[in-house]
2 protein chains.
Amino acid sequence: MAEPLFQRLALIGIGLIGSSVARIARERGDIAAEVVANARSQKTLDRVVELGVADRVEPDPRRAVAGADCVMLCAPVGAYAAIAEAIAPHLAPGAILTDVGSTKQSVIRDVGPLVPEGVHFVPAHPVAGTEYSGPDAGFTTLFQGRWTLLTPPPGTDEAAVAAIETLWQRCGSMVERMDPAHHDRVMAIVSHMPHLIAFTICGTAYDLAGETKAEVLQFAASGFRDFTRIAASDPVMWRDVFLNNREALLEMLARFTEDAQAMARAVRWGDGAYIEQQVKRGRKIRQSLIDLKQA
Amino acid sequence: MAEPLFQRLALIGIGLIGSSVARIARERGDIAAEVVANARSQKTLDRVVELGVADRVEPDPRRAVAGADCVMLCAPVGAYAAIAEAIAPHLAPGAILTDVGSTKQSVIRDVGPLVPEGVHFVPAHPVAGTEYSGPDAGFTTLFQGRWTLLTPPPGTDEAAVAAIETLWQRCGSMVERMDPAHHDRVMAIVSHMPHLIAFTICGTAYDLAGETKAEVLQFAASGFRDFTRIAASDPVMWRDVFLNNREALLEMLARFTEDAQAMARAVRWGDGAYIEQQVKRGRKIRQSLIDLKQA
C-alpha cells in the first residue's frame, strides 16, 4: 500500500460527500492516517461515532483542524465564511485547506482572504451526489468514474494541488483543473438550473387546488417522478448553491425561460416542426452523453 | 386459464406500448386469442415478425381491423383522425375501439364522430412508459402497478368499458375512470409539462457556445443526466401530445413560469428563506409519492 497522503484529514461537515470521503479514507488507508470529523450538531457526531466512519469526532471546528495537514470543508457553501473565520488561526503551517462546494467563485471570495500565510488553499468540487444527505447517505463508490474539478487560484503551491489531485484520484475520481468563473457557468447549466427547475415544478404541482393535487400524486408518470427525485435534495445545500452562483444561474435561467417561451409559442400556434426539432435535439445531447459514458 | 377476453385484438401501431400489450397478450393467453399488428412502415412490421410478438402482421389498417372484436390505437395521437377515417367503415359490428393516447379530449374530438353505430368507443391511457420507443422497446411488466385511466364518453356501453378495464387489469395495471378534461389537466402537470421542460433544458444547453457546450457534456452532473433521460423520448409522440393538450399545457407552463420567475427573484435578491421553503416543498411531494408507492 502507498504511504498515506496526509497524517490527519479534518472534515468540517460530514454529510453525503464528507462521509463518503471518510469511508473511502478508512477503507483504503492511503489517503490519511487519521480522519477527524467535525459537525455542527451533536446528533450528527453521535451518528458518525455509531457508523464508525471517522477515527475521531470533534465538536469544535478549531480543535478539529489543529494538527491536521489537510482540512476539507464539506459544509453548505453559505457556511464557509464563518467556518473559515473560526478555523483560520488554528490551521497548521503548511496545511492544505480544500473544500467540496458546488460553487467556486464564492468560495474563493469568502475563504481566500482568510487563509493564513503558509497554508495552501485548493478549492475543489467533486461533481457527484445523490438526492440523499447526512452521514448515513455516504458510500465508497460515490466518486467512481465521476469528475472532480480543481480551481486553485493562480500561484497556488503546485505540490498542494497535486496532493488534492491524488486524493480525489484515490477516491476513484477523474480530475481536471478549471477556471473558477468557467466552472460556475458550466455547473449553472449542468446542475444548478436543472435543480432549481425541478424544485419549482414540484412547487407548481403542490399549489394546484384540491382534486387535481391529489391526483398529481396518484398518477405521477415517469416525467414527474424523476423531477421529484431531484427535488428531494438537501434544502440548505441548494439554497446556498443558488445564492452563491447568482449571476451564472440567473443567466442560464433567462436563456431557459426564453427557450421555454418559444416552445409555448410553438404549442399555441401549432408549430409541430419546431417542437419536433427541439425534442430531437434533446435526443442528440442524450446520445452524446452516452458516447461519453456519463449517462 | 380464463377465456380470452377477445377473439382478435388489432393493434394499430406497435411501438413501446403496443408491443408491450402484444407481448402480454401472447404470454397470458387470456386477453386475445389472436393478436394482429399493424404499422405504417414495412420495417417495423418485419421487426415484429422477427420478434414474434404478434400472431400476424398486416400492413393495411383496414384489413388489420376486419373481424377484430377489439381495435386498439397505439399510434401517436396526431395520427388518430386519419387512422379512424381509414378504418371506420371496416370495423366489425359490436367491436370495441380503444386507444392508449396520452391526451383524451383530443381523441374524443378526433375519433368520436367517426365511430360507426354499433361500435363501442372506450378511450384509455395507460400511464406508463420509458424513454425508449419502437417494437423492441416493449416488455411484459411495463404496466405493472401503474394506472390506466379510462375516459368513456357518457352513455358508453358498460360491458365494453368493463372489458377494457379487465384487459388492463390483466396487463398488471390498476384502472380508474376519469373525466377527459380532468385527465388532460392532471397529465399536463404530471407528465406533459415536465417533458416539455426537459426537452427545453437540453436545447438551452445545446445552444451554449464552444467550450461551455463541450464541458456541459463532459461534466453532466446528476441533475442534467435525469433531464436528458426524459428528453430521449420519441419526438413525434411528444409533438402530438403537446399539440393535442394545448390549453392545459399552456396553463401549467404559465403557472410554472410564474413560479420560476419568483425563484429567480429570490436568487437575485438573496431571499434564502424563500428558496429553502420551495426546496422543502419538493421534498414533501417526494415523500407523498413514496407513501403512495409511486416513486
# chains A, B, ... in the order shown; residues from 1 in each chain; ligands from 1
call {"tool": "residues_around", "arguments": {"residues": "segment 152-167 of chain A", "least_positions_apart": "2", "cutoff": "7 Å", "atoms": "only C-alpha atoms", "output": "compact mmCIF listing (two decimals) with C-alpha atoms, in the first residue's frame"}}
result
# COMPACT_ATOMS: atom_id res chain seq x y z
CA ILE A 31 -5.41 8.84 1.95
CA ILE A 96 -3.76 22.31 2.79
CA HIS A 120 -2.28 26.25 0.81
CA VAL A 122 -7.00 24.38 -3.13
CA PRO A 123 -10.74 24.76 -3.91
CA LEU A 150 -9.95 21.85 -9.03
CA GLN A 169 -7.92 10.03 -7.79
CA ARG A 170 -7.66 7.66 -4.84
CA CYS A 171 -11.37 8.31 -4.24
CA VAL A 175 -9.56 15.18 -12.00
call {"tool": "residues_around", "arguments": {"residues": "segment 129-131 of chain B", "least_positions_apart": "2", "cutoff": "10 Å", "atoms": "only C-alpha atoms", "output": "list in words"}}
result
Ala221, Ser222, Gly223 and Arg283 of chain A; Leu16, Ile17, Pro126, Val127, Ser133, Ala137, Gly138, Leu142, Phe143, Arg146, Thr228, Arg229, Ile230, Ala231, Ala232, Ser233 and Asp234 of chain B
call {"tool": "atom_distance", "arguments": {"atom1": "atom CA of Glu85 of chain A", "atom2": "atom CA of Arg239 of chain A"}}
result
21.3 Å
call {"tool": "residues_around", "arguments": {"residues": "Thr151 of chain B", "least_positions_apart": "5", "cutoff": "12 Å", "atoms": "only C-alpha atoms", "output": "PyMOL selection string"}}
result
chain B and resi 98-108+112+121-126+156+161+164-165+175-184
call {"tool": "decode", "arguments": {"residues": "segment 225-283 of chain B", "atoms": "C-alpha atoms", "output": "CSV table (one decimal), in the first residue's frame"}}
result
chain,number,residue,atom,x,y,z
B,225,ARG,CA,-28.5,13.4,-16.7
B,226,ASP,CA,-32.0,12.9,-15.5
B,227,PHE,CA,-33.3,15.6,-17.8
B,228,THR,CA,-31.6,14.1,-20.8
B,229,ARG,CA,-33.0,10.7,-19.9
B,230,ILE,CA,-36.5,12.2,-20.1
B,231,ALA,CA,-35.6,14.2,-23.2
B,232,ALA,CA,-34.6,11.0,-25.1
B,233,SER,CA,-38.3,10.2,-25.6
B,234,ASP,CA,-40.0,9.8,-29.0
B,235,PRO,CA,-40.1,13.2,-30.8
B,236,VAL,CA,-43.3,12.5,-32.9
B,237,MET,CA,-45.3,11.1,-29.9
B,238,TRP,CA,-44.4,14.1,-27.8
B,239,ARG,CA,-45.0,16.7,-30.5
B,240,ASP,CA,-48.5,15.2,-30.9
B,241,VAL,CA,-49.1,15.2,-27.2
B,242,PHE,CA,-48.2,18.8,-26.8
B,243,LEU,CA,-50.3,19.9,-29.8
B,244,ASN,CA,-53.3,17.9,-28.6
B,245,ASN,CA,-53.2,19.1,-24.9
B,246,ARG,CA,-52.6,22.7,-25.8
B,247,GLU,CA,-54.8,24.6,-23.3
B,248,ALA,CA,-53.9,22.6,-20.2
B,249,LEU,CA,-50.2,22.5,-21.1
B,250,LEU,CA,-50.1,26.3,-21.7
B,251,GLU,CA,-51.9,26.9,-18.4
B,252,MET,CA,-49.5,24.7,-16.4
B,253,LEU,CA,-46.5,26.2,-18.2
B,254,ALA,CA,-47.7,29.7,-17.3
B,255,ARG,CA,-48.1,28.7,-13.7
B,256,PHE,CA,-44.6,27.1,-13.7
B,257,THR,CA,-43.1,30.2,-15.4
B,258,GLU,CA,-44.5,32.5,-12.7
B,259,ASP,CA,-43.1,30.2,-10.0
B,260,ALA,CA,-39.7,30.0,-11.8
B,261,GLN,CA,-39.6,33.8,-12.0
B,262,ALA,CA,-40.4,34.0,-8.3
B,263,MET,CA,-37.4,31.7,-7.6
B,264,ALA,CA,-35.2,33.9,-9.9
B,265,ARG,CA,-36.2,37.0,-8.0
B,266,ALA,CA,-35.4,35.2,-4.7
B,267,VAL,CA,-32.0,34.3,-6.1
B,268,ARG,CA,-31.4,37.9,-7.3
B,269,TRP,CA,-32.3,39.5,-4.0
B,270,GLY,CA,-30.8,36.9,-1.8
B,271,ASP,CA,-34.1,35.7,-0.2
B,272,GLY,CA,-32.7,32.4,1.2
B,273,ALA,CA,-35.8,31.7,3.3
B,274,TYR,CA,-38.0,31.6,0.2
B,275,ILE,CA,-35.6,29.3,-1.7
B,276,GLU,CA,-35.3,27.0,1.2
B,277,GLN,CA,-39.1,26.8,1.6
B,278,GLN,CA,-39.5,26.0,-2.1
B,279,VAL,CA,-36.9,23.2,-1.9
B,280,LYS,CA,-38.6,21.8,1.2
B,281,ARG,CA,-41.9,21.6,-0.7
B,282,GLY,CA,-40.3,19.5,-3.3
B,283,ARG,CA,-39.2,17.0,-0.6
